[in-house]
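Engineer: Sharing upload20.pdb, PDB, C-alpha atoms:
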```pdb
ATOM      1  CA  MET A  28     -30.038   1.362 200.000
ATOM      2  CA  SER A  29     -33.638   1.721 198.859
ATOM      3  CA  ALA A  30     -35.616   4.918 199.262
ATOM      4  CA  LYS A  31     -38.950   3.133 198.895
ATOM      5  CA  LYS A  32     -41.638   4.042 201.420
ATOM      6  CA  ILE A  33     -43.783   1.314 202.943
ATOM      7  CA  LEU A  34     -47.022   1.826 204.859
ATOM      8  CA  MET A  35     -47.896  -0.654 207.617
ATOM      9  CA  ILE A  36     -51.492  -0.611 208.828
ATOM     10  CA  THR A  37     -51.796  -2.182 212.252
ATOM     11  CA  GLY A  38     -53.953  -1.945 215.356
ATOM     12  CA  ASP A  39     -54.533  -3.100 218.891
ATOM     13  CA  PHE A  40     -53.803  -6.773 219.457
ATOM     14  CA  THR A  41     -51.912  -7.123 216.238
ATOM     15  CA  GLU A  42     -49.708 -10.230 216.354
ATOM     16  CA  ASP A  43     -46.411  -9.270 218.003
ATOM     17  CA  TYR A  44     -43.984 -11.062 215.664
ATOM     18  CA  GLU A  45     -46.025 -10.199 212.571
ATOM     19  CA  THR A  46     -45.705  -6.501 213.398
ATOM     20  CA  MET A  47     -42.290  -6.158 215.036
ATOM     21  CA  VAL A  48     -40.322  -8.478 212.734
ATOM     22  CA  PRO A  49     -41.374  -7.033 209.355
ATOM     23  CA  PHE A  50     -41.169  -3.464 210.695
ATOM     24  CA  GLN A  51     -37.598  -3.931 211.934
ATOM     25  CA  THR A  52     -36.475  -6.144 209.037
ATOM     26  CA  LEU A  53     -37.696  -3.756 206.361
ATOM     27  CA  LEU A  54     -36.026  -0.832 208.151
ATOM     28  CA  ALA A  55     -32.784  -2.833 208.318
ATOM     29  CA  MET A  56     -33.051  -3.469 204.574
ATOM     30  CA  GLY A  57     -33.076   0.285 203.948
ATOM     31  CA  TYR A  58     -36.782   0.898 203.421
ATOM     32  CA  THR A  59     -38.738   3.662 205.141
ATOM     33  CA  VAL A  60     -41.649   2.142 207.073
ATOM     34  CA  ASP A  61     -44.501   4.188 208.508
ATOM     35  CA  ALA A  62     -46.623   2.231 211.003
ATOM     36  CA  VAL A  63     -50.104   3.652 211.526
ATOM     37  CA  CYS A  64     -53.375   2.796 213.236
ATOM     38  CA  PRO A  65     -56.766   4.451 212.684
ATOM     39  CA  GLY A  66     -57.647   6.761 215.568
ATOM     40  CA  LYS A  67     -54.042   6.985 216.780
ATOM     41  CA  LYS A  68     -51.132   9.283 216.067
ATOM     42  CA  ALA A  69     -47.345   9.058 215.878
ATOM     43  CA  GLY A  70     -45.957   8.253 219.324
ATOM     44  CA  ASP A  71     -49.072   6.350 220.430
ATOM     45  CA  THR A  72     -48.813   2.611 220.956
ATOM     46  CA  VAL A  73     -50.828  -0.421 219.976
ATOM     47  CA  ALA A  74     -50.977  -3.476 222.205
ATOM     48  CA  THR A  75     -49.681  -6.631 220.596
ATOM     49  CA  CYS A  76     -50.587 -10.234 221.254
ATOM     50  CA  ILE A  77     -48.478 -13.366 220.894
ATOM     51  CA  HIS A  78     -50.074 -16.216 218.999
ATOM     52  CA  ASP A  79     -48.345 -19.535 219.555
ATOM     53  CA  PHE A  80     -48.808 -23.114 218.441
ATOM     54  CA  GLU A  81     -48.676 -25.280 221.558
ATOM     55  CA  GLY A  82     -50.593 -28.410 220.594
ATOM     56  CA  ASP A  83     -54.114 -27.104 221.095
ATOM     57  CA  GLN A  84     -56.763 -27.180 218.388
ATOM     58  CA  THR A  85     -56.058 -23.521 217.670
ATOM     59  CA  TYR A  86     -53.333 -21.035 218.562
ATOM     60  CA  SER A  87     -52.979 -19.720 222.099
ATOM     61  CA  GLU A  88     -52.939 -15.981 222.724
ATOM     62  CA  LYS A  89     -50.898 -14.026 225.262
ATOM     63  CA  ARG A  90     -50.260 -10.317 225.788
ATOM     64  CA  GLY A  91     -47.230  -9.067 223.898
ATOM     65  CA  HIS A  92     -45.294  -5.805 223.780
ATOM     66  CA  ASN A  93     -46.471  -2.268 223.179
ATOM     67  CA  PHE A  94     -45.586  -1.252 219.618
ATOM     68  CA  THR A  95     -44.990   2.464 219.040
ATOM     69  CA  LEU A  96     -46.503   4.000 215.928
ATOM     70  CA  ASN A  97     -44.252   6.365 214.007
ATOM     71  CA  ALA A  98     -46.844   8.078 211.795
ATOM     72  CA  THR A  99     -50.420   9.334 212.071
ATOM     73  CA  PHE A 100     -53.096   7.450 210.115
ATOM     74  CA  ALA A 101     -55.260  10.548 209.539
ATOM     75  CA  GLU A 102     -52.320  12.377 207.913
ATOM     76  CA  VAL A 103     -51.220   9.585 205.582
ATOM     77  CA  ASP A 104     -51.428  10.134 201.814
ATOM     78  CA  VAL A 105     -51.339   6.603 200.394
ATOM     79  CA  ALA A 106     -50.273   7.951 196.987
ATOM     80  CA  GLY A 107     -46.908   8.786 198.558
ATOM     81  CA  TYR A 108     -46.160   5.145 199.455
ATOM     82  CA  ASP A 109     -44.651   2.423 197.295
ATOM     83  CA  ALA A 110     -45.977  -0.611 199.179
ATOM     84  CA  LEU A 111     -48.254  -1.837 201.965
ATOM     85  CA  VAL A 112     -47.794  -4.351 204.819
ATOM     86  CA  ILE A 113     -50.749  -5.838 206.701
ATOM     87  CA  PRO A 114     -49.819  -7.814 209.838
ATOM     88  CA  GLY A 115     -52.119 -10.438 211.345
ATOM     89  CA  GLY A 116     -53.391 -11.033 214.848
ATOM     90  CA  ARG A 117     -56.773  -9.835 216.055
ATOM     91  CA  ALA A 118     -56.431  -6.278 214.730
ATOM     92  CA  PRO A 119     -57.592  -7.116 211.180
ATOM     93  CA  GLU A 120     -60.942  -8.237 212.561
ATOM     94  CA  TYR A 121     -61.842  -4.678 213.540
ATOM     95  CA  LEU A 122     -59.646  -2.776 211.083
ATOM     96  CA  ARG A 123     -61.640  -4.283 208.210
ATOM     97  CA  LEU A 124     -64.656  -2.329 209.464
ATOM     98  CA  ASP A 125     -62.880   0.992 208.811
ATOM     99  CA  ALA A 126     -63.738   2.413 205.377
ATOM    100  CA  ALA A 127     -60.502   4.428 205.243
ATOM    101  CA  VAL A 128     -58.453   1.252 205.784
ATOM    102  CA  LEU A 129     -60.317  -0.503 202.967
ATOM    103  CA  ASP A 130     -59.862   2.511 200.672
ATOM    104  CA  ALA A 131     -56.121   2.472 201.394
ATOM    105  CA  VAL A 132     -55.878  -1.230 200.544
ATOM    106  CA  LYS A 133     -57.845  -0.682 197.336
ATOM    107  CA  HIS A 134     -55.427   2.082 196.349
ATOM    108  CA  PHE A 135     -52.389  -0.211 196.628
ATOM    109  CA  MET A 136     -54.069  -3.103 194.835
ATOM    110  CA  ASP A 137     -55.604  -0.955 192.064
ATOM    111  CA  ALA A 138     -52.232   0.735 191.485
ATOM    112  CA  ASP A 139     -50.488  -2.685 191.400
ATOM    113  CA  LYS A 140     -48.139  -1.631 194.198
ATOM    114  CA  PRO A 141     -46.525  -4.391 196.303
ATOM    115  CA  VAL A 142     -48.753  -5.622 199.134
ATOM    116  CA  ALA A 143     -47.708  -8.097 201.835
ATOM    117  CA  ALA A 144     -50.310  -9.632 204.162
ATOM    118  CA  ILE A 145     -49.780 -12.379 206.700
ATOM    119  CA  CYS A 146     -52.052 -14.609 208.760
ATOM    120  CA  HIS A 147     -55.340 -12.841 209.613
ATOM    121  CA  GLY A 148     -54.269  -9.855 207.488
ATOM    122  CA  ALA A 149     -56.213 -11.603 204.724
ATOM    123  CA  GLN A 150     -59.405 -10.533 206.521
ATOM    124  CA  ILE A 151     -58.691  -6.961 205.428
ATOM    125  CA  LEU A 152     -58.004  -8.061 201.845
ATOM    126  CA  THR A 153     -61.284  -9.967 201.710
ATOM    127  CA  ALA A 154     -63.275  -7.060 203.174
ATOM    128  CA  ALA A 155     -61.704  -4.707 200.618
ATOM    129  CA  LYS A 156     -62.825  -7.080 197.828
ATOM    130  CA  VAL A 157     -59.430  -6.980 196.110
ATOM    131  CA  ILE A 158     -58.426 -10.651 195.825
ATOM    132  CA  GLU A 159     -60.936 -12.144 193.404
ATOM    133  CA  GLY A 160     -59.080 -14.454 191.016
ATOM    134  CA  ARG A 161     -55.862 -14.277 193.043
ATOM    135  CA  THR A 162     -53.982 -17.009 194.915
ATOM    136  CA  VAL A 163     -53.784 -16.089 198.588
ATOM    137  CA  SER A 164     -52.325 -17.680 201.710
ATOM    138  CA  ALA A 165     -53.648 -16.904 205.179
ATOM    139  CA  TYR A 166     -54.049 -18.525 208.549
ATOM    140  CA  PRO A 167     -56.044 -21.712 207.819
ATOM    141  CA  ALA A 168     -59.052 -20.464 209.824
ATOM    142  CA  CYS A 169     -59.368 -17.633 207.264
ATOM    143  CA  ARG A 170     -59.663 -20.035 204.331
ATOM    144  CA  PRO A 171     -63.471 -19.724 204.065
ATOM    145  CA  GLU A 172     -63.223 -15.923 203.856
ATOM    146  CA  VAL A 173     -60.488 -16.113 201.213
ATOM    147  CA  GLU A 174     -62.555 -18.490 199.113
ATOM    148  CA  LEU A 175     -65.797 -16.546 199.592
ATOM    149  CA  ALA A 176     -63.920 -13.480 198.308
ATOM    150  CA  GLY A 177     -63.300 -15.345 195.041
ATOM    151  CA  ALA A 178     -59.644 -16.186 195.598
ATOM    152  CA  THR A 179     -57.865 -19.530 195.521
ATOM    153  CA  TYR A 180     -56.622 -20.424 198.996
ATOM    154  CA  ALA A 181     -52.957 -21.446 198.927
ATOM    155  CA  ASP A 182     -52.770 -24.449 201.244
ATOM    156  CA  ILE A 183     -49.033 -24.249 201.902
ATOM    157  CA  ALA A 184     -46.697 -25.109 204.758
ATOM    158  CA  ILE A 185     -46.817 -22.819 207.805
ATOM    159  CA  ASP A 186     -43.334 -21.554 206.907
ATOM    160  CA  GLY A 187     -44.123 -20.944 203.233
ATOM    161  CA  ALA A 188     -45.322 -17.889 201.323
ATOM    162  CA  VAL A 189     -46.932 -17.271 197.953
ATOM    163  CA  THR A 190     -46.482 -14.433 195.472
ATOM    164  CA  ASP A 191     -49.236 -13.628 192.970
ATOM    165  CA  GLY A 192     -48.230 -10.566 190.985
ATOM    166  CA  ASN A 193     -47.916  -7.665 193.434
ATOM    167  CA  LEU A 194     -49.408  -9.632 196.343
ATOM    168  CA  VAL A 195     -47.296 -11.640 198.797
ATOM    169  CA  THR A 196     -49.131 -13.648 201.474
ATOM    170  CA  ALA A 197     -48.259 -16.198 204.126
ATOM    171  CA  PRO A 198     -50.076 -18.275 206.770
ATOM    172  CA  ALA A 199     -48.341 -17.125 209.976
ATOM    173  CA  TRP A 200     -45.130 -15.819 211.539
ATOM    174  CA  PRO A 201     -43.073 -19.004 210.977
ATOM    175  CA  ALA A 202     -43.141 -17.896 207.306
ATOM    176  CA  HIS A 203     -41.242 -14.652 207.917
ATOM    177  CA  PRO A 204     -38.078 -15.700 206.023
ATOM    178  CA  ALA A 205     -40.048 -16.758 202.922
ATOM    179  CA  TRP A 206     -42.638 -13.979 203.182
ATOM    180  CA  LEU A 207     -40.177 -11.115 203.642
ATOM    181  CA  SER A 208     -37.789 -12.517 201.029
ATOM    182  CA  GLN A 209     -40.584 -12.717 198.445
ATOM    183  CA  PHE A 210     -41.868  -9.259 199.390
ATOM    184  CA  HIS A 211     -38.362  -7.825 198.992
ATOM    185  CA  ALA A 212     -38.152  -9.461 195.550
ATOM    186  CA  VAL A 213     -41.431  -7.827 194.511
ATOM    187  CA  LEU A 214     -40.289  -4.480 195.925
ATOM    188  CA  SER A 215     -37.108  -4.697 193.902
ATOM    189  CA  GLY A 216     -39.003  -5.692 190.777
ATOM    190  CA  ALA A 217     -37.508  -9.171 190.477
ATOM    191  CA  ALA A 218     -40.734 -11.083 191.012
ATOM    192  CA  ALA A 219     -43.292  -8.903 189.274
ATOM    193  CA  GLY A 220     -45.904 -11.083 187.632
ATOM    194  CA  SER A 221     -44.488 -14.322 189.040
ATOM    195  CA  MET A 222     -45.964 -17.060 191.196
ATOM    196  CA  ALA A 223     -43.845 -18.640 193.922
ATOM    197  CA  ALA A 224     -44.591 -20.855 196.904
TER     198      ALA A 224
END
```
I need this file expressed as structure tokens, please.
Structural biologist:
Amino acid sequence: MSAKKILMITGDFTEDYETMVPFQTLLAMGYTVDAVCPGKKAGDTVATCIHDFEGDQTYSEKRGHNFTLNATFAEVDVAGYDALVIPGGRAPEYLRLDAAVLDAVKHFMDADKPVAAICHGAQILTAAKVIEGRTVSAYPACRPEVELAGATYADIAIDGAVTDGNLVTAPAWPAHPAWLSQFHAVLSGAAAGSMAA
């Protein structure tokens, strides 16, 4: 059982699966996971949304569950965490405007701690200016932002993931098995410095 502490930064209208599944999976694997949102405290909830692929030109969006936060963003000391998870959905669009969120992301990337981002979570990575020269997957609509941030966009299958050093990224929730498996490998030190797709 691992004692590693993981910080998850999420917010209103985060993608339901991309928040609930990694939160519960990482807890089941023995990690401690603190889920936080700027402006909210432990016990508050964030609204989730469900993004689905139903044959339209883009994903559909429906209201999801309420996700209960278990820590308070304003009280978090990022130095006390071993890794970071950034879910997708619509939350990253506004979270990337929060300087404290960007400073937290910079801390994890500068310290070479494991970071996992999925789908629109890449919007926070690009705003933090931490992916230049890296290979990054994201929801395909985020490709221009990834490339403008100086990264190579990993054009992989929707159920694939890519590891570039400490950073594990994936295009959307169908990638959970690959994404969480690769993140676990980085957390356990097995994939440090490797590239996998």
Engineer: Using atom CA of Val163 of chain A and atom CA of Ala62 of chain A as the two end points, give the distance in Å to one decimal.
Structural biologist: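 Those two atoms sit 23.3 Å apart.
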Engineer: Go through A:Gly82, A:Pro119, A:Pro167, A:Pro114 and flag the residue nearest Val195 of chain A, using all atoms listed in the file for the distances.
Structural biologist: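 When distances to Val195 of chain A are compared using all atoms listed in the file, the smallest one comes from A:Pro114.
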Engineer: Find, counting all atoms listed in the file, the residue in A:Val73, A:Phe100, A:Pro141, A:Phe40 that gets nearest to Leu207 of chain A.
Structural biologist: A:Pro141
Engineer: Pick the closest to Val128 of chain A from A:Ala30, A:Ile183, A:Ile77, A:Cys64: which is it, counting only C-alpha atoms?
Structural biologist: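 Checking each of A:Ala30, A:Ile183, A:Ile77, A:Cys64 against Val128 of chain A, counting only C-alpha atoms, the winner is A:Cys64.
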Engineer: Tell me which protein, DNA and RNA residues are within 9 Å of segment 208-211 of chain A, counting only C-alpha atoms, leaving out same-chain ones fewer than 5 positions away, and put them as number ranges by chain.
Structural biologist: A: 53, 56, 141-143, 188-190, 193-196, 203, 216-218, 223
Engineer: Determine, counting only C-alpha atoms, which protein, DNA and RNA residues have an atom within 9 Å of an atom of Val60 of chain A; residues of the same chain fewer than 3 positions away are not included. Present the result as a VMD selection string.
Structural biologist: chain A and resid 31 to 35 50 to 51 53 to 54 97
Engineer: When you count all atoms listed in the file, which of these residues is closest to Tyr58 of chain A: A:Leu175, A:Ser87, A:Val103, A:Ala110?
Structural biologist: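 Going through A:Leu175, A:Ser87, A:Val103, A:Ala110 one by one, the smallest distance to Tyr58 of chain A is for A:Ala110.
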Engineer: Which neighbours of Ala202 of chain A fall inside 8 Å, counting only C-alpha atoms, when residues of the same chain fewer than 5 positions from it are skipped, and could you give them as an MDAnalysis selection string?
Structural biologist: chainID A and resid 185:188 197
Engineer: What does the PyMOL selection byres ((chain A and resi 148) around 10) select in this file, as a PyMOL selection string?
Structural biologist: chain A and resi 36-37+41-42+45+112-120+122-123+143-147+149-153+164-166+169+196-199
Engineer: As an exercise, work out the distance from atom CA of Glu88 of chain A to atom CA of Asp71 of chain A in Å and give it to one decimal place.
Structural biologist: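 Separation between atom CA of Glu88 of chain A and atom CA of Asp71 of chain A: 22.8 Å.
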Engineer: Could you list, as a VMD selection string, every residue within 10 Å of Lys67 of chain A, counting only C-alpha atoms and ignoring same-chain residues fewer than 5 positions away?
Structural biologist: chain A and resid 38 72 to 73 96 98 to 101
Engineer: For atom CA of His92 of chain A and atom CA of Gly70 of chain A, determine how far apart the two atoms are, in Å to one decimal place.
Structural biologist: 14.8 Å
Engineer: What's the 10 Å shell around Ala106 of chain A, counting only C-alpha atoms, without same-chain residues fewer than 3 positions away, as a list in words?
Structural biologist: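 Returned residues: Val103, Asp109, Ala110, Ala131, His134, Phe135 and Ala138 of chain A.
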Engineer: Under the rule that only C-alpha atoms are counted, which of A:Asp104, A:Thr179, A:Thr85, A:Trp200 is the nearest residue to Met47 of chain A?
Structural biologist: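 The closest residue to Met47 of chain A is A:Trp200.
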Engineer: Could you pull segment 43-170 of chain A out of the structure I just pasted and write it to a file containing C-alpha atoms, as a PDB file, in the first residue's frame?
Structural biologist:
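The resulting file, part.pdb, is shown below:
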```
ATOM      1  CA  ASP A  43     -17.868  13.317 -14.444  1.00  0.00           C
ATOM      2  CA  TYR A  44     -15.904  10.190 -15.409  1.00  0.00           C
ATOM      3  CA  GLU A  45     -12.604  12.078 -15.573  1.00  0.00           C
ATOM      4  CA  THR A  46     -13.054  13.168 -11.958  1.00  0.00           C
ATOM      5  CA  MET A  47     -14.877  10.278 -10.287  1.00  0.00           C
ATOM      6  CA  VAL A  48     -12.973   7.396 -11.906  1.00  0.00           C
ATOM      7  CA  PRO A  49      -9.396   8.540 -11.193  1.00  0.00           C
ATOM      8  CA  PHE A  50     -10.361   9.743  -7.701  1.00  0.00           C
ATOM      9  CA  GLN A  51     -11.884   6.382  -6.756  1.00  0.00           C
ATOM     10  CA  THR A  52      -9.321   4.263  -8.625  1.00  0.00           C
ATOM     11  CA  LEU A  53      -6.330   5.968  -7.044  1.00  0.00           C
ATOM     12  CA  LEU A  54      -7.910   5.627  -3.590  1.00  0.00           C
ATOM     13  CA  ALA A  55      -8.509   1.922  -4.270  1.00  0.00           C
ATOM     14  CA  MET A  56      -4.844   1.566  -5.237  1.00  0.00           C
ATOM     15  CA  GLY A  57      -3.824   2.848  -1.802  1.00  0.00           C
ATOM     16  CA  TYR A  58      -2.982   6.459  -2.606  1.00  0.00           C
ATOM     17  CA  THR A  59      -4.261   9.426  -0.613  1.00  0.00           C
ATOM     18  CA  VAL A  60      -6.141  11.796  -2.931  1.00  0.00           C
ATOM     19  CA  ASP A  61      -7.153  15.317  -1.949  1.00  0.00           C
ATOM     20  CA  ALA A  62      -9.690  16.855  -4.347  1.00  0.00           C
ATOM     21  CA  VAL A  63      -9.821  20.648  -4.241  1.00  0.00           C
ATOM     22  CA  CYS A  64     -11.384  23.562  -6.089  1.00  0.00           C
ATOM     23  CA  PRO A  65     -10.430  27.245  -5.813  1.00  0.00           C
ATOM     24  CA  GLY A  66     -12.985  29.171  -3.767  1.00  0.00           C
ATOM     25  CA  LYS A  67     -14.410  26.019  -2.170  1.00  0.00           C
ATOM     26  CA  LYS A  68     -13.658  24.049   0.963  1.00  0.00           C
ATOM     27  CA  ALA A  69     -13.753  20.428   2.104  1.00  0.00           C
ATOM     28  CA  GLY A  70     -17.352  19.203   2.112  1.00  0.00           C
ATOM     29  CA  ASP A  71     -18.438  21.543  -0.697  1.00  0.00           C
ATOM     30  CA  THR A  72     -19.374  20.038  -4.041  1.00  0.00           C
ATOM     31  CA  VAL A  73     -18.585  20.745  -7.659  1.00  0.00           C
ATOM     32  CA  ALA A  74     -21.110  20.034 -10.388  1.00  0.00           C
ATOM     33  CA  THR A  75     -19.937  17.553 -12.974  1.00  0.00           C
ATOM     34  CA  CYS A  76     -20.910  17.193 -16.602  1.00  0.00           C
ATOM     35  CA  ILE A  77     -21.029  14.091 -18.781  1.00  0.00           C
ATOM     36  CA  HIS A  78     -19.343  14.378 -22.148  1.00  0.00           C
ATOM     37  CA  ASP A  79     -20.364  11.658 -24.569  1.00  0.00           C
ATOM     38  CA  PHE A  80     -19.607  10.714 -28.147  1.00  0.00           C
ATOM     39  CA  GLU A  81     -22.937  10.145 -29.881  1.00  0.00           C
ATOM     40  CA  GLY A  82     -22.182  10.728 -33.555  1.00  0.00           C
ATOM     41  CA  ASP A  83     -22.300  14.515 -33.572  1.00  0.00           C
ATOM     42  CA  GLN A  84     -19.442  16.676 -34.798  1.00  0.00           C
ATOM     43  CA  THR A  85     -18.390  17.237 -31.196  1.00  0.00           C
ATOM     44  CA  TYR A  86     -19.197  15.668 -27.836  1.00  0.00           C
ATOM     45  CA  SER A  87     -22.591  16.162 -26.222  1.00  0.00           C
ATOM     46  CA  GLU A  88     -22.817  17.506 -22.684  1.00  0.00           C
ATOM     47  CA  LYS A  89     -25.267  16.554 -19.941  1.00  0.00           C
ATOM     48  CA  ARG A  90     -25.439  17.322 -16.223  1.00  0.00           C
ATOM     49  CA  GLY A  91     -23.639  14.750 -14.110  1.00  0.00           C
ATOM     50  CA  HIS A  92     -23.308  14.086 -10.389  1.00  0.00           C
ATOM     51  CA  ASN A  93     -22.256  16.366  -7.568  1.00  0.00           C
ATOM     52  CA  PHE A  94     -18.676  15.540  -6.570  1.00  0.00           C
ATOM     53  CA  THR A  95     -17.750  16.235  -2.943  1.00  0.00           C
ATOM     54  CA  LEU A  96     -14.397  17.867  -2.292  1.00  0.00           C
ATOM     55  CA  ASN A  97     -12.394  16.411   0.575  1.00  0.00           C
ATOM     56  CA  ALA A  98      -9.841  19.201   1.069  1.00  0.00           C
ATOM     57  CA  THR A  99      -9.737  22.998   0.968  1.00  0.00           C
ATOM     58  CA  PHE A 100      -7.814  24.625  -1.893  1.00  0.00           C
ATOM     59  CA  ALA A 101      -6.766  27.671   0.164  1.00  0.00           C
ATOM     60  CA  GLU A 102      -5.160  25.415   2.803  1.00  0.00           C
ATOM     61  CA  VAL A 103      -3.219  23.171   0.430  1.00  0.00           C
ATOM     62  CA  ASP A 104       0.592  23.175   0.584  1.00  0.00           C
ATOM     63  CA  VAL A 105       1.620  21.704  -2.773  1.00  0.00           C
ATOM     64  CA  ALA A 106       5.070  20.840  -1.389  1.00  0.00           C
ATOM     65  CA  GLY A 107       3.370  18.164   0.717  1.00  0.00           C
ATOM     66  CA  TYR A 108       2.043  16.276  -2.333  1.00  0.00           C
ATOM     67  CA  ASP A 109       3.794  13.694  -4.480  1.00  0.00           C
ATOM     68  CA  ALA A 110       1.694  14.050  -7.639  1.00  0.00           C
ATOM     69  CA  LEU A 111      -1.044  16.019  -9.392  1.00  0.00           C
ATOM     70  CA  VAL A 112      -4.174  14.996 -11.351  1.00  0.00           C
ATOM     71  CA  ILE A 113      -5.997  17.413 -13.658  1.00  0.00           C
ATOM     72  CA  PRO A 114      -9.381  16.170 -14.927  1.00  0.00           C
ATOM     73  CA  GLY A 115     -10.997  17.538 -18.082  1.00  0.00           C
ATOM     74  CA  GLY A 116     -14.449  18.869 -18.833  1.00  0.00           C
ATOM     75  CA  ARG A 117     -15.288  22.560 -18.848  1.00  0.00           C
ATOM     76  CA  ALA A 118     -13.619  23.361 -15.516  1.00  0.00           C
ATOM     77  CA  PRO A 119     -10.108  23.784 -16.978  1.00  0.00           C
ATOM     78  CA  GLU A 120     -11.367  26.646 -19.125  1.00  0.00           C
ATOM     79  CA  TYR A 121     -11.899  28.837 -16.066  1.00  0.00           C
ATOM     80  CA  LEU A 122      -9.410  27.214 -13.690  1.00  0.00           C
ATOM     81  CA  ARG A 123      -6.585  28.246 -16.024  1.00  0.00           C
ATOM     82  CA  LEU A 124      -7.415  31.868 -15.200  1.00  0.00           C
ATOM     83  CA  ASP A 125      -6.536  31.319 -11.521  1.00  0.00           C
ATOM     84  CA  ALA A 126      -2.920  32.268 -10.765  1.00  0.00           C
ATOM     85  CA  ALA A 127      -2.795  29.955  -7.735  1.00  0.00           C
ATOM     86  CA  VAL A 128      -3.809  26.985  -9.910  1.00  0.00           C
ATOM     87  CA  LEU A 129      -1.073  27.814 -12.423  1.00  0.00           C
ATOM     88  CA  ASP A 130       1.493  28.219  -9.628  1.00  0.00           C
ATOM     89  CA  ALA A 131       0.516  24.798  -8.262  1.00  0.00           C
ATOM     90  CA  VAL A 132       0.951  23.181 -11.681  1.00  0.00           C
ATOM     91  CA  LYS A 133       4.325  24.878 -12.119  1.00  0.00           C
ATOM     92  CA  HIS A 134       5.433  23.502  -8.751  1.00  0.00           C
ATOM     93  CA  PHE A 135       4.705  19.896  -9.768  1.00  0.00           C
ATOM     94  CA  MET A 136       6.292  20.257 -13.196  1.00  0.00           C
ATOM     95  CA  ASP A 137       9.373  22.160 -11.958  1.00  0.00           C
ATOM     96  CA  ALA A 138       9.896  19.560  -9.215  1.00  0.00           C
ATOM     97  CA  ASP A 139       9.499  16.724 -11.774  1.00  0.00           C
ATOM     98  CA  LYS A 140       6.675  15.195  -9.738  1.00  0.00           C
ATOM     99  CA  PRO A 141       4.184  12.935 -11.566  1.00  0.00           C
ATOM    100  CA  VAL A 142       1.397  14.862 -13.302  1.00  0.00           C
ATOM    101  CA  ALA A 143      -1.617  13.293 -15.026  1.00  0.00           C
ATOM    102  CA  ALA A 144      -3.909  15.410 -17.217  1.00  0.00           C
ATOM    103  CA  ILE A 145      -6.755  14.206 -19.391  1.00  0.00           C
ATOM    104  CA  CYS A 146      -8.880  15.744 -22.129  1.00  0.00           C
ATOM    105  CA  HIS A 147      -9.313  19.512 -21.607  1.00  0.00           C
ATOM    106  CA  GLY A 148      -6.962  19.352 -18.603  1.00  0.00           C
ATOM    107  CA  ALA A 149      -4.273  20.264 -21.135  1.00  0.00           C
ATOM    108  CA  GLN A 150      -5.724  23.793 -21.156  1.00  0.00           C
ATOM    109  CA  ILE A 151      -4.310  24.276 -17.659  1.00  0.00           C
ATOM    110  CA  LEU A 152      -0.919  22.884 -18.701  1.00  0.00           C
ATOM    111  CA  THR A 153      -0.763  25.251 -21.666  1.00  0.00           C
ATOM    112  CA  ALA A 154      -1.771  28.277 -19.571  1.00  0.00           C
ATOM    113  CA  ALA A 155       0.906  27.384 -17.008  1.00  0.00           C
ATOM    114  CA  LYS A 156       3.499  27.307 -19.826  1.00  0.00           C
ATOM    115  CA  VAL A 157       4.982  24.009 -18.637  1.00  0.00           C
ATOM    116  CA  ILE A 158       4.807  21.752 -21.711  1.00  0.00           C
ATOM    117  CA  GLU A 159       7.222  23.315 -24.183  1.00  0.00           C
ATOM    118  CA  GLY A 160       9.220  20.532 -25.841  1.00  0.00           C
ATOM    119  CA  ARG A 161       7.007  17.806 -24.366  1.00  0.00           C
ATOM    120  CA  THR A 162       4.733  15.285 -26.090  1.00  0.00           C
ATOM    121  CA  VAL A 163       1.172  15.799 -24.888  1.00  0.00           C
ATOM    122  CA  SER A 164      -2.193  14.198 -25.609  1.00  0.00           C
ATOM    123  CA  ALA A 165      -5.461  16.056 -25.106  1.00  0.00           C
ATOM    124  CA  TYR A 166      -8.949  16.200 -26.506  1.00  0.00           C
ATOM    125  CA  PRO A 167      -8.426  16.859 -30.243  1.00  0.00           C
ATOM    126  CA  ALA A 168     -10.078  20.301 -30.017  1.00  0.00           C
ATOM    127  CA  CYS A 169      -7.217  21.332 -27.689  1.00  0.00           C
ATOM    128  CA  ARG A 170      -4.541  20.462 -30.248  1.00  0.00           C
TER     129      ARG A 170
END
```
